[in-house]
$ cat structure.cif   # mmCIF, C-alpha atoms
data_entry
#
loop_
_atom_site.group_PDB
_atom_site.id
_atom_site.type_symbol
_atom_site.label_atom_id
_atom_site.label_comp_id
_atom_site.auth_asym_id
_atom_site.auth_seq_id
_atom_site.Cartn_x
_atom_site.Cartn_y
_atom_site.Cartn_z
ATOM 1 C CA MET A 794 27.033 -28.754 10.592
ATOM 2 C CA ASN A 795 24.619 -27.669 13.324
ATOM 3 C CA LYS A 796 21.387 -29.245 12.039
ATOM 4 C CA LYS A 797 19.449 -28.586 15.261
ATOM 5 C CA GLY A 798 20.310 -24.877 15.098
ATOM 6 C CA ASP A 799 19.325 -24.671 11.421
ATOM 7 C CA GLU A 800 15.969 -26.302 12.155
ATOM 8 C CA LYS A 801 15.265 -23.834 14.953
ATOM 9 C CA VAL A 802 16.133 -20.841 12.744
ATOM 10 C CA MET A 803 14.008 -22.198 9.881
ATOM 11 C CA GLY A 804 11.109 -22.859 12.281
ATOM 12 C CA LEU A 805 11.229 -19.297 13.588
ATOM 13 C CA TRP A 806 11.626 -17.904 10.085
ATOM 14 C CA TRP A 807 8.620 -19.906 8.849
ATOM 15 C CA PHE A 808 6.581 -18.791 11.865
ATOM 16 C CA PHE A 809 7.419 -15.171 11.024
ATOM 17 C CA VAL A 810 6.477 -15.644 7.334
ATOM 18 C CA ILE A 811 3.169 -17.255 8.327
ATOM 19 C CA ILE A 812 2.311 -14.320 10.634
ATOM 20 C CA ILE A 813 3.086 -11.765 7.922
ATOM 21 C CA ILE A 814 1.024 -13.651 5.311
ATOM 22 C CA THR A 815 -1.881 -14.068 7.752
ATOM 23 C CA LEU A 816 -1.914 -10.411 8.737
ATOM 24 C CA GLY A 817 -1.779 -9.344 5.093
ATOM 25 C CA ILE A 818 -4.565 -11.630 3.901
ATOM 26 C CA VAL A 819 -6.846 -11.101 6.933
ATOM 27 C CA GLY A 820 -6.313 -7.335 6.830
ATOM 28 C CA GLY A 821 -6.969 -7.144 3.093
ATOM 29 C CA VAL A 822 -10.109 -9.272 3.299
ATOM 30 C CA ILE A 823 -11.501 -7.292 6.256
ATOM 31 C CA ILE A 824 -10.840 -3.966 4.541
ATOM 32 C CA TYR A 825 -12.397 -5.169 1.271
ATOM 33 C CA TYR A 826 -15.522 -6.830 2.671
ATOM 34 C CA GLY A 827 -15.956 -4.527 5.655
ATOM 35 C CA ALA A 828 -16.024 -1.372 3.549
ATOM 36 C CA ASP A 829 -19.095 0.789 4.054
ATOM 37 C CA VAL A 830 -21.460 1.411 1.195
ATOM 38 C CA ASP A 831 -21.518 5.192 1.438
ATOM 39 C CA VAL A 832 -24.745 6.675 0.109
ATOM 40 C CA ARG A 833 -24.631 9.977 2.003
ATOM 41 C CA ALA A 834 -24.009 12.004 -1.164
ATOM 42 C CA ILE A 835 -27.090 10.480 -2.827
ATOM 43 C CA GLU A 836 -29.138 11.135 0.301
ATOM 44 C CA SER A 837 -27.976 14.769 0.454
ATOM 45 C CA ARG A 838 -28.984 15.184 -3.175
ATOM 46 C CA MET A 839 -32.402 13.709 -2.410
ATOM 47 C CA LEU A 840 -32.916 16.106 0.489
ATOM 48 C CA LEU A 841 -32.017 18.958 -1.829
ATOM 49 C CA ASP A 842 -34.305 17.772 -4.641
ATOM 50 C CA ARG A 843 -37.228 17.126 -2.323
ATOM 51 C CA SER A 844 -36.830 20.577 -0.754
ATOM 52 C CA TYR A 845 -36.622 22.165 -4.190
ATOM 53 C CA ASP A 846 -39.839 20.450 -5.279
ATOM 54 C CA CYS A 847 -41.825 21.783 -2.355
ATOM 55 C CA VAL A 848 -40.422 25.308 -2.347
ATOM 56 C CA ILE A 849 -40.237 26.130 -6.043
ATOM 57 C CA GLU A 850 -43.024 25.653 -8.555
ATOM 58 C CA ASN A 851 -42.736 26.488 -12.266
ATOM 59 C CA GLY A 852 -39.746 28.722 -11.628
ATOM 60 C CA PHE A 853 -41.538 30.687 -8.914
ATOM 61 C CA LEU A 854 -40.990 30.558 -5.190
ATOM 62 C CA LYS A 855 -44.206 29.240 -3.689
ATOM 63 C CA ARG A 856 -46.258 32.115 -2.321
ATOM 64 C CA GLU A 857 -46.976 30.304 0.972
ATOM 65 C CA PHE A 858 -43.246 30.018 1.715
ATOM 66 C CA PHE A 859 -43.369 33.307 3.613
ATOM 67 C CA SER A 860 -46.665 32.589 5.362
ATOM 68 C CA SER A 861 -48.069 29.130 6.030
ATOM 69 C CA PHE A 862 -45.146 27.038 4.817
ATOM 70 C CA ASP A 863 -44.599 23.897 6.879
ATOM 71 C CA PHE A 864 -41.466 22.069 5.747
ATOM 72 C CA TYR A 865 -42.471 18.718 7.252
ATOM 73 C CA GLU A 866 -46.059 18.801 6.027
ATOM 74 C CA ASP A 867 -45.463 20.377 2.620
ATOM 75 C CA CYS A 868 -42.321 18.383 1.793
ATOM 76 C CA ASP A 869 -43.558 15.051 3.247
ATOM 77 C CA MET A 870 -40.639 14.923 5.661
ATOM 78 C CA GLU A 871 -40.842 12.963 8.900
ATOM 79 C CA ILE A 872 -40.436 15.468 11.727
ATOM 80 C CA ASN A 873 -38.852 12.895 14.059
ATOM 81 C CA GLN A 874 -35.972 12.436 11.622
ATOM 82 C CA PHE A 875 -35.103 16.137 11.924
ATOM 83 C CA ASN A 876 -35.220 16.375 15.733
ATOM 84 C CA GLU A 877 -32.280 16.406 18.135
ATOM 85 C CA GLY A 878 -29.725 13.778 17.173
ATOM 86 C CA SER A 879 -30.847 13.905 13.561
ATOM 87 C CA GLU A 880 -28.493 12.734 10.835
ATOM 88 C CA PHE A 881 -30.016 15.058 8.233
ATOM 89 C CA PHE A 882 -29.911 18.777 7.586
ATOM 90 C CA VAL A 883 -31.675 21.097 5.168
ATOM 91 C CA LYS A 884 -31.124 24.828 4.740
ATOM 92 C CA ILE A 885 -33.240 27.003 2.480
ATOM 93 C CA ARG A 886 -31.874 30.487 1.990
ATOM 94 C CA ILE A 887 -33.628 33.155 -0.043
ATOM 95 C CA GLU A 888 -31.689 36.227 -1.058
ATOM 96 C CA ASN A 889 -32.063 38.940 -3.644
ATOM 97 C CA MET A 890 -29.776 39.123 -6.645
ATOM 98 C CA SER A 891 -27.382 41.432 -4.815
ATOM 99 C CA GLY A 892 -26.976 38.860 -2.049
ATOM 100 C CA ARG A 893 -29.115 40.484 0.676
ATOM 101 C CA LEU A 894 -30.759 37.873 2.871
ATOM 102 C CA ILE A 895 -34.546 37.771 2.625
ATOM 103 C CA GLU A 896 -35.336 34.576 4.524
ATOM 104 C CA GLU A 897 -33.470 31.583 5.880
ATOM 105 C CA ARG A 898 -34.893 28.354 7.258
ATOM 106 C CA LYS A 899 -32.955 25.462 8.749
ATOM 107 C CA TYR A 900 -34.121 21.976 9.698
ATOM 108 C CA GLY A 901 -32.434 18.973 11.289
ATOM 109 C CA GLN A 902 -28.906 18.727 12.679
ATOM 110 C CA MET A 903 -27.702 22.351 12.906
ATOM 111 C CA SER A 904 -24.045 21.381 13.449
ATOM 112 C CA TYR A 905 -23.928 20.068 9.897
ATOM 113 C CA GLU A 906 -24.020 23.658 8.642
ATOM 114 C CA GLU A 907 -20.469 24.060 9.951
ATOM 115 C CA ASP A 908 -19.547 20.614 8.622
ATOM 116 C CA CYS A 909 -20.609 21.755 5.169
ATOM 117 C CA GLU A 910 -18.336 24.779 5.375
ATOM 118 C CA ILE A 911 -15.432 22.613 6.518
ATOM 119 C CA VAL A 912 -15.836 19.921 3.854
ATOM 120 C CA GLU A 913 -15.841 22.632 1.205
ATOM 121 C CA GLU A 914 -12.243 23.361 2.195
ATOM 122 C CA VAL A 915 -10.876 20.012 3.309
ATOM 123 C CA SER A 916 -11.790 16.377 2.893
ATOM 124 C CA ALA A 917 -13.196 14.924 6.139
ATOM 125 C CA ASP A 918 -14.820 11.516 5.971
ATOM 126 C CA LYS A 919 -16.413 11.666 9.424
ATOM 127 C CA LEU A 920 -18.278 14.900 8.697
ATOM 128 C CA ALA A 921 -21.596 15.180 6.900
ATOM 129 C CA VAL A 922 -21.723 15.024 3.121
ATOM 130 C CA CYS A 923 -23.337 18.180 1.737
ATOM 131 C CA MET A 924 -24.912 19.229 -1.505
ATOM 132 C CA THR A 925 -25.705 22.875 -2.266
ATOM 133 C CA ARG A 926 -27.411 24.271 -5.324
ATOM 134 C CA SER A 927 -28.454 27.780 -6.218
ATOM 135 C CA PHE A 928 -31.577 28.569 -8.255
ATOM 136 C CA VAL A 929 -32.821 31.837 -9.662
ATOM 137 C CA VAL A 930 -36.571 32.224 -9.238
ATOM 138 C CA SER A 931 -39.088 34.836 -10.276
ATOM 139 C CA ALA A 932 -40.564 36.909 -7.505
ATOM 140 C CA GLU A 933 -43.360 39.481 -7.482
ATOM 141 C CA LYS A 934 -43.179 42.624 -9.663
ATOM 142 C CA GLY A 935 -40.841 40.924 -12.132
ATOM 143 C CA GLU A 936 -38.001 40.737 -9.630
ATOM 144 C CA LYS A 937 -35.634 37.819 -9.390
ATOM 145 C CA ASN A 938 -34.462 36.120 -6.221
ATOM 146 C CA ARG A 939 -31.885 33.482 -5.551
ATOM 147 C CA VAL A 940 -32.827 30.321 -3.645
ATOM 148 C CA ILE A 941 -29.885 28.420 -2.199
ATOM 149 C CA ILE A 942 -30.741 24.969 -0.904
ATOM 150 C CA THR A 943 -28.355 22.773 1.074
ATOM 151 C CA GLY A 944 -28.999 19.129 1.853
ATOM 152 C CA ALA A 945 -26.672 17.220 4.171
ATOM 153 C CA SER A 946 -26.567 13.696 5.498
ATOM 154 C CA ASN A 947 -24.260 11.849 7.807
ATOM 155 C CA GLN A 948 -26.258 8.672 8.103
ATOM 156 C CA LYS A 949 -24.087 5.568 8.082
ATOM 157 C CA GLY A 950 -26.604 2.937 9.164
ATOM 158 C CA ARG A 951 -26.005 0.408 11.888
ATOM 159 C CA LYS A 952 -25.958 -3.273 12.656
ATOM 160 C CA VAL A 953 -28.729 -4.317 15.027
ATOM 161 C CA GLY A 954 -29.204 -7.410 17.154
ATOM 162 C CA PHE A 955 -32.508 -9.120 17.829
ATOM 163 C CA MET B 1015 20.281 -37.111 19.568
ATOM 164 C CA LYS B 1016 17.308 -37.009 17.240
ATOM 165 C CA GLY B 1017 16.893 -40.200 15.244
ATOM 166 C CA LYS B 1018 15.485 -40.719 11.740
ATOM 167 C CA SER B 1019 11.982 -41.350 13.137
ATOM 168 C CA GLY B 1020 12.214 -38.113 15.156
ATOM 169 C CA LEU B 1021 13.017 -36.126 12.002
ATOM 170 C CA ILE B 1022 10.106 -37.686 10.088
ATOM 171 C CA GLU B 1023 7.799 -37.033 13.035
ATOM 172 C CA SER B 1024 8.685 -33.325 13.254
ATOM 173 C CA GLY B 1025 8.389 -33.027 9.452
ATOM 174 C CA VAL B 1026 4.907 -34.559 9.543
ATOM 175 C CA ILE B 1027 3.831 -32.271 12.399
ATOM 176 C CA PHE B 1028 5.167 -29.274 10.447
ATOM 177 C CA ILE B 1029 3.172 -30.256 7.331
ATOM 178 C CA ILE B 1030 -0.007 -30.938 9.351
ATOM 179 C CA LEU B 1031 0.259 -27.548 11.090
ATOM 180 C CA ASN B 1032 0.704 -25.835 7.711
ATOM 181 C CA ILE B 1033 -2.308 -27.630 6.274
ATOM 182 C CA ILE B 1034 -4.411 -26.664 9.328
ATOM 183 C CA PHE B 1035 -3.271 -23.065 8.968
ATOM 184 C CA PHE B 1036 -4.203 -22.848 5.270
ATOM 185 C CA ILE B 1037 -7.555 -24.559 5.910
ATOM 186 C CA LEU B 1038 -8.377 -22.011 8.648
ATOM 187 C CA LEU B 1039 -7.338 -19.145 6.379
ATOM 188 C CA SER B 1040 -9.460 -20.513 3.513
ATOM 189 C CA VAL B 1041 -12.479 -20.915 5.819
ATOM 190 C CA PHE B 1042 -12.054 -17.320 7.001
ATOM 191 C CA ILE B 1043 -11.849 -15.966 3.426
ATOM 192 C CA PHE B 1044 -14.822 -18.104 2.333
ATOM 193 C CA ASN B 1045 -16.924 -16.840 5.260
ATOM 194 C CA MET B 1046 -15.980 -13.234 4.617
ATOM 195 C CA SER B 1047 -16.639 -13.430 0.869
ATOM 196 C CA GLY B 1048 -20.196 -14.606 1.518
ATOM 197 C CA ASN B 1049 -20.474 -11.867 4.100
ATOM 198 C CA GLU B 1050 -24.100 -11.296 4.964
ATOM 199 C CA LEU B 1051 -23.356 -7.855 6.348
ATOM 200 C CA VAL B 1052 -22.488 -6.552 2.880
ATOM 201 C CA TYR B 1053 -25.814 -7.757 1.488
ATOM 202 C CA GLU B 1054 -27.808 -6.560 4.503
ATOM 203 C CA GLN B 1055 -26.177 -3.153 4.304
ATOM 204 C CA THR B 1056 -26.536 -2.763 0.548
ATOM 205 C CA TYR B 1057 -30.184 -3.793 0.400
ATOM 206 C CA SER B 1058 -31.294 -1.776 3.451
ATOM 207 C CA LYS B 1059 -29.704 1.344 1.974
ATOM 208 C CA GLN B 1060 -31.108 0.650 -1.467
ATOM 209 C CA VAL B 1061 -34.664 0.254 -0.155
ATOM 210 C CA ALA B 1062 -34.387 3.368 2.043
ATOM 211 C CA LEU B 1063 -33.122 5.418 -0.910
ATOM 212 C CA ILE B 1064 -35.945 4.132 -3.110
ATOM 213 C CA VAL B 1065 -38.453 5.211 -0.452
ATOM 214 C CA ASP B 1066 -36.913 8.676 -0.172
ATOM 215 C CA SER B 1067 -36.806 9.184 -3.918
ATOM 216 C CA ALA B 1068 -40.395 8.019 -4.440
ATOM 217 C CA LYS B 1069 -43.586 10.003 -4.443
ATOM 218 C CA PRO B 1070 -46.724 8.975 -2.521
ATOM 219 C CA ASN B 1071 -48.848 6.212 -4.080
ATOM 220 C CA MET B 1072 -45.922 4.701 -5.902
ATOM 221 C CA SER B 1073 -45.013 1.043 -6.062
ATOM 222 C CA VAL B 1074 -41.480 -0.137 -6.859
ATOM 223 C CA SER B 1075 -40.234 -3.693 -7.359
ATOM 224 C CA ILE B 1076 -36.621 -4.779 -7.088
ATOM 225 C CA ASP B 1077 -35.055 -8.150 -7.848
ATOM 226 C CA VAL B 1078 -34.034 -9.832 -4.588
ATOM 227 C CA THR B 1079 -33.271 -13.340 -5.885
ATOM 228 C CA LYS B 1080 -29.662 -13.318 -4.660
ATOM 229 C CA ILE B 1081 -30.424 -12.201 -1.116
ATOM 230 C CA ASN B 1082 -33.303 -14.684 -0.866
ATOM 231 C CA GLU B 1083 -30.887 -17.490 -1.809
ATOM 232 C CA ILE B 1084 -28.575 -16.482 1.041
ATOM 233 C CA ALA B 1085 -31.536 -16.330 3.430
ATOM 234 C CA LYS B 1086 -32.568 -19.852 2.400
ATOM 235 C CA GLU B 1087 -29.004 -21.113 2.984
ATOM 236 C CA ASN B 1088 -29.228 -19.638 6.480
ATOM 237 C CA GLU B 1089 -32.657 -21.248 7.002
ATOM 238 C CA LYS B 1090 -34.190 -17.802 7.358
ATOM 239 C CA ASN B 1091 -37.788 -17.338 6.259
ATOM 240 C CA ILE B 1092 -37.712 -15.009 3.219
ATOM 241 C CA GLU B 1093 -40.748 -13.131 4.523
ATOM 242 C CA GLU B 1094 -38.595 -12.035 7.467
ATOM 243 C CA VAL B 1095 -35.625 -10.795 5.428
ATOM 244 C CA PHE B 1096 -37.014 -7.304 4.811
ATOM 245 C CA PHE B 1097 -38.757 -5.415 7.564
ATOM 246 C CA VAL B 1098 -40.051 -1.860 7.721
ATOM 247 C CA ASP B 1099 -40.507 0.040 10.974
ATOM 248 C CA ASN B 1100 -42.902 2.845 10.031
ATOM 249 C CA GLU B 1101 -42.833 4.247 13.583
ATOM 250 C CA ASN B 1102 -39.120 4.961 13.486
ATOM 251 C CA ASN B 1103 -38.668 5.195 9.703
ATOM 252 C CA LYS B 1104 -36.295 2.252 9.493
ATOM 253 C CA ILE B 1105 -35.662 -0.381 6.880
ATOM 254 C CA ILE B 1106 -34.174 -3.501 8.457
ATOM 255 C CA VAL B 1107 -32.636 -6.314 6.427
ATOM 256 C CA SER B 1108 -31.726 -9.512 8.212
ATOM 257 C CA LEU B 1109 -30.132 -12.663 6.830
ATOM 258 C CA ASN B 1110 -29.788 -14.580 10.072
ATOM 259 C CA LYS B 1111 -31.551 -15.063 13.360
ATOM 260 C CA LYS B 1112 -29.060 -12.981 15.353
ATOM 261 C CA GLY B 1113 -29.667 -9.557 13.870
ATOM 262 C CA GLY B 1114 -29.617 -7.377 10.792
ATOM 263 C CA TYR B 1115 -28.771 -3.968 9.399
ATOM 264 C CA GLU B 1116 -30.967 -0.898 9.675
ATOM 265 C CA TYR B 1117 -31.090 2.289 7.650
ATOM 266 C CA ARG B 1118 -33.435 5.230 8.098
ATOM 267 C CA TYR B 1119 -35.491 7.098 5.535
ATOM 268 C CA PHE B 1120 -36.509 10.698 6.132
ATOM 269 C CA SER B 1121 -39.830 10.750 4.284
ATOM 270 C CA ASP B 1122 -43.150 10.824 6.080
ATOM 271 C CA TYR B 1123 -44.570 7.929 4.085
ATOM 272 C CA ASN B 1124 -46.367 4.786 5.056
ATOM 273 C CA VAL B 1125 -44.252 2.026 3.583
ATOM 274 C CA SER B 1126 -45.102 -1.636 3.188
ATOM 275 C CA LEU B 1127 -42.835 -4.381 1.852
ATOM 276 C CA SER B 1128 -43.731 -7.764 0.425
ATOM 277 C CA ASN B 1129 -41.178 -10.336 -0.685
ATOM 278 C CA ASP B 1130 -42.601 -12.834 -3.188
ATOM 279 C CA GLY B 1131 -39.366 -14.808 -3.470
ATOM 280 C CA LYS B 1132 -38.098 -13.078 -6.592
ATOM 281 C CA TYR B 1133 -39.129 -9.455 -6.216
ATOM 282 C CA LEU B 1134 -39.446 -7.153 -3.266
ATOM 283 C CA ASN B 1135 -42.486 -4.936 -3.748
ATOM 284 C CA ILE B 1136 -42.160 -1.572 -2.053
ATOM 285 C CA ILE B 1137 -45.505 0.178 -1.686
ATOM 286 C CA ILE B 1138 -45.366 3.820 -0.667
ATOM 287 C CA LYS B 1139 -48.435 5.704 0.576
#
$ encode --input "structure.cif" --output "structure tokens"
Amino acid sequence: MNKKGDEKVMGLWWFFVIIIITLGIVGGVIIYYGADVDVRAIESRMLLDRSYDCVIENGFLKREFFSSFDFYEDCDMEINQFNEGSEFFVKIRIENMSGRLIEERKYGQMSYEEDCEIVEEVSADKLAVCMTRSFVVSAEKGEKNRVIITGASNQKGRKVGF
Amino acid sequence: MKGKSGLIESGVIFIILNIIFFILLSVFIFNMSGNELVYEQTYSKQVALIVDSAKPNMSVSIDVTKINEIAKENEKNIEEVFFVDNENNKIIVSLNKKGGYEYRYFSDYNVSLSNDGKYLNIIIK
């Protein structure tokens, strides 16, 4: 019997098994503990709710929306978080019941508007997470309008060094 | 030719190498399971979401016993675990002296945080 040869083969085989086990365990642990806590959907919902609260009051669109409305001031939003490079987006669209556009306002990262259209069709993890809701509100002279609010966030947070 | 002592020697080396390997693997898993990044990330996001869902003049307290224990193990002062940057709207949570995890809130609020060892008090103005 060739004992030396057997030992060599067993040594190589064991080395191979060890590598496979290591890769499996290390990979699994990294994937499990390195997973992101994704709160973008909650954040999008918050943007939507906060926008709703400052635009609609008792089922009516706030009168000042068409005149002195200041999204940042009236909704307590930090303007610097909606500047260039922002990770947030809000769109408030007012239309009549037949779908004719009356007014549209957008704030934050404009490219997320397209992201929202894309993620409606396909799943794309890297794109912003969007939340859109439609509300029917009373307007003047007994008319009804539709308010469509979209909130989107693509904030993932980051590790920082001191 | 390899003698009896040579065979025992290589067998012992083989066992020692295996033991070293499994110790290293166990240390890696132990370190990862107590991963500070997970806690830093979770708490920074939680605090930022609380801020964004709050209304002005609200005060919210959350239990931070677990994260304070980790900070103590790392010899980190618990008063320095949670930090708010009102200029840039950031909540930073740090469990070591090297760095931490930051998450932004979009509300134009003045936020202050105080960690009493058990609860983190979030005061929003």
$ atom_distance --input "structure.cif" --atom1 "atom CA of B:Asn1100" --atom2 "atom CA of B:Asp1122"
8.9 Å
$ residues_around --input "structure.cif" --residues "B:Lys1104" --least-positions-apart "4" --cutoff "8 Å" --atoms "all atoms listed in the file" --output "JSON, numbers by chain"
{"B": [1062, 1098, 1099, 1100, 1116, 1117, 1118, 1119]}
$ residues_near_point --input "structure.cif" --point "(-43.0, -2.8, 2.3)" --cutoff "7 Å" --atoms "only C-alpha atoms" --output "PDB file with C-alpha atoms, keeping the file's coordinate frame"
ATOM      1  CA  VAL B1098     -40.051  -1.860   7.721  1.00  0.00           C
ATOM      2  CA  VAL B1125     -44.252   2.026   3.583  1.00  0.00           C
ATOM      3  CA  SER B1126     -45.102  -1.636   3.188  1.00  0.00           C
ATOM      4  CA  LEU B1127     -42.835  -4.381   1.852  1.00  0.00           C
ATOM      5  CA  SER B1128     -43.731  -7.764   0.425  1.00  0.00           C
ATOM      6  CA  ASN B1135     -42.486  -4.936  -3.748  1.00  0.00           C
ATOM      7  CA  ILE B1136     -42.160  -1.572  -2.053  1.00  0.00           C
ATOM      8  CA  ILE B1137     -45.505   0.178  -1.686  1.00  0.00           C
TER       9      ILE B1137
END
$ residues_around --input "structure.cif" --residues "stretch 1068-1084 of chain B" --least-positions-apart "2" --cutoff "8 Å" --atoms "only C-alpha atoms" --output "list in words"
Glu1050, Tyr1053, Ile1064, Val1065, Asp1066, Lys1086, Glu1087, Asn1088, Ile1092, Val1095, Leu1109, Tyr1123, Gly1131, Lys1132, Tyr1133, Leu1134, Asn1135, Ile1136, Ile1137, Ile1138 and Lys1139 of chain B
$ write_last_selection --input "structure.cif" --atoms "C-alpha atoms" --output "short mmCIF file (atom, residue, chain, number, x, y, z; two decimals), in the frame of the given file"
data_model
loop_
_atom_site.label_atom_id
_atom_site.label_comp_id
_atom_site.auth_asym_id
_atom_site.auth_seq_id
_atom_site.Cartn_x
_atom_site.Cartn_y
_atom_site.Cartn_z
CA GLU B 1050 -24.10 -11.30 4.96
CA TYR B 1053 -25.81 -7.76 1.49
CA ILE B 1064 -35.94 4.13 -3.11
CA VAL B 1065 -38.45 5.21 -0.45
CA ASP B 1066 -36.91 8.68 -0.17
CA LYS B 1086 -32.57 -19.85 2.40
CA GLU B 1087 -29.00 -21.11 2.98
CA ASN B 1088 -29.23 -19.64 6.48
CA ILE B 1092 -37.71 -15.01 3.22
CA VAL B 1095 -35.62 -10.80 5.43
CA LEU B 1109 -30.13 -12.66 6.83
CA TYR B 1123 -44.57 7.93 4.08
CA GLY B 1131 -39.37 -14.81 -3.47
CA LYS B 1132 -38.10 -13.08 -6.59
CA TYR B 1133 -39.13 -9.46 -6.22
CA LEU B 1134 -39.45 -7.15 -3.27
CA ASN B 1135 -42.49 -4.94 -3.75
CA ILE B 1136 -42.16 -1.57 -2.05
CA ILE B 1137 -45.50 0.18 -1.69
CA ILE B 1138 -45.37 3.82 -0.67
CA LYS B 1139 -48.44 5.70 0.58
#
$ closest_atom_pairs --input "structure.cif" --of "chain A" --to "chain B" --cutoff "9 Å" --atoms "all atoms listed in the file" --output "JSON lines"
{"residue": "A:Lys797", "atom": "CA", "partner": "B:Lys1016", "partner_atom": "CA", "distance": 8.9}
{"residue": "A:Gly804", "atom": "CA", "partner": "B:Phe1028", "partner_atom": "CA", "distance": 8.9}
{"residue": "A:Ile811", "atom": "CA", "partner": "B:Phe1035", "partner_atom": "CA", "distance": 8.7}
{"residue": "A:Thr815", "atom": "CA", "partner": "B:Leu1039", "partner_atom": "CA", "distance": 7.6}
{"residue": "A:Ile818", "atom": "CA", "partner": "B:Leu1039", "partner_atom": "CA", "distance": 8.4}
{"residue": "A:Val819", "atom": "CA", "partner": "B:Ile1043", "partner_atom": "CA", "distance": 7.8}
{"residue": "A:Val822", "atom": "CA", "partner": "B:Ile1043", "partner_atom": "CA", "distance": 6.9}
{"residue": "A:Ile823", "atom": "CA", "partner": "B:Met1046", "partner_atom": "CA", "distance": 7.6}
{"residue": "A:Tyr826", "atom": "CA", "partner": "B:Met1046", "partner_atom": "CA", "distance": 6.7}
{"residue": "A:Gly827", "atom": "CA", "partner": "B:Val1052", "partner_atom": "CA", "distance": 7.4}
{"residue": "A:Ala828", "atom": "CA", "partner": "B:Val1052", "partner_atom": "CA", "distance": 8.3}
{"residue": "A:Asp829", "atom": "CA", "partner": "B:Gln1055", "partner_atom": "CA", "distance": 8.1}
{"residue": "A:Val830", "atom": "CA", "partner": "B:Thr1056", "partner_atom": "CA", "distance": 6.6}
{"residue": "A:Val832", "atom": "CA", "partner": "B:Lys1059", "partner_atom": "CA", "distance": 7.5}
{"residue": "A:Ile835", "atom": "CA", "partner": "B:Leu1063", "partner_atom": "CA", "distance": 8.1}
{"residue": "A:Glu836", "atom": "CA", "partner": "B:Leu1063", "partner_atom": "CA", "distance": 7.1}
{"residue": "A:Met839", "atom": "CA", "partner": "B:Ser1067", "partner_atom": "CA", "distance": 6.5}
{"residue": "A:Leu840", "atom": "CA", "partner": "B:Asp1066", "partner_atom": "CA", "distance": 8.5}
{"residue": "A:Asp842", "atom": "CA", "partner": "B:Ser1067", "partner_atom": "CA", "distance": 9.0}
{"residue": "A:Arg843", "atom": "CA", "partner": "B:Ser1067", "partner_atom": "CA", "distance": 8.1}
{"residue": "A:Tyr865", "atom": "CA", "partner": "B:Asp1122", "partner_atom": "CA", "distance": 8.0}
{"residue": "A:Glu866", "atom": "CA", "partner": "B:Asp1122", "partner_atom": "CA", "distance": 8.5}
{"residue": "A:Cys868", "atom": "CA", "partner": "B:Ser1121", "partner_atom": "CA", "distance": 8.4}
{"residue": "A:Asp869", "atom": "CA", "partner": "B:Asp1122", "partner_atom": "CA", "distance": 5.1}
{"residue": "A:Met870", "atom": "CA", "partner": "B:Ser1121", "partner_atom": "CA", "distance": 4.5}
{"residue": "A:Glu871", "atom": "CA", "partner": "B:Asp1122", "partner_atom": "CA", "distance": 4.2}
{"residue": "A:Ile872", "atom": "CA", "partner": "B:Asp1122", "partner_atom": "CA", "distance": 7.8}
{"residue": "A:Asn873", "atom": "CA", "partner": "B:Asn1102", "partner_atom": "CA", "distance": 8.0}
{"residue": "A:Gln874", "atom": "CA", "partner": "B:Phe1120", "partner_atom": "CA", "distance": 5.8}
{"residue": "A:Phe875", "atom": "CA", "partner": "B:Phe1120", "partner_atom": "CA", "distance": 8.1}
{"residue": "A:Phe881", "atom": "CA", "partner": "B:Phe1120", "partner_atom": "CA", "distance": 8.1}
{"residue": "A:Gln948", "atom": "CA", "partner": "B:Arg1118", "partner_atom": "CA", "distance": 8.0}
{"residue": "A:Lys949", "atom": "CA", "partner": "B:Tyr1117", "partner_atom": "CA", "distance": 7.7}
{"residue": "A:Gly950", "atom": "CA", "partner": "B:Tyr1117", "partner_atom": "CA", "distance": 4.8}
{"residue": "A:Arg951", "atom": "CA", "partner": "B:Glu1116", "partner_atom": "CA", "distance": 5.6}
{"residue": "A:Lys952", "atom": "CA", "partner": "B:Tyr1115", "partner_atom": "CA", "distance": 4.4}
{"residue": "A:Val953", "atom": "CA", "partner": "B:Gly1114", "partner_atom": "CA", "distance": 5.3}
{"residue": "A:Gly954", "atom": "CA", "partner": "B:Gly1113", "partner_atom": "CA", "distance": 4.0}
{"residue": "A:Phe955", "atom": "CA", "partner": "B:Gly1113", "partner_atom": "CA", "distance": 4.9}
$ axis_aligned_box --input "structure.cif" --around "stretch 883-890 of chain A" --padding-each-side "5 Å" --output "lines of an AutoDock Vina configuration file"
center_x = -31.7
center_y = 30.1
center_z = -0.7
size_x = 13.9
size_y = 28.0
size_z = 21.8
$ residues_around --input "structure.cif" --residues "stretch 844-850 of chain A" --least-positions-apart "3" --cutoff "8 Å" --atoms "only C-alpha atoms" --output "mmCIF file with C-alpha atoms, keeping the file's coordinate frame"
data_model
loop_
_atom_site.group_PDB
_atom_site.id
_atom_site.type_symbol
_atom_site.label_atom_id
_atom_site.label_comp_id
_atom_site.auth_asym_id
_atom_site.auth_seq_id
_atom_site.Cartn_x
_atom_site.Cartn_y
_atom_site.Cartn_z
ATOM 1 C CA LEU A 840 -32.916 16.106 0.489
ATOM 2 C CA LEU A 841 -32.017 18.958 -1.829
ATOM 3 C CA PHE A 853 -41.538 30.687 -8.914
ATOM 4 C CA LEU A 854 -40.990 30.558 -5.190
ATOM 5 C CA LYS A 855 -44.206 29.240 -3.689
ATOM 6 C CA PHE A 858 -43.246 30.018 1.715
ATOM 7 C CA ASP A 867 -45.463 20.377 2.620
ATOM 8 C CA CYS A 868 -42.321 18.383 1.793
ATOM 9 C CA VAL A 883 -31.675 21.097 5.168
ATOM 10 C CA VAL A 930 -36.571 32.224 -9.238
ATOM 11 C CA ILE A 942 -30.741 24.969 -0.904
#
$ atom_distance --input "structure.cif" --atom1 "atom CA of A:Ile814" --atom2 "atom CA of B:Leu1038"
13.0 Å
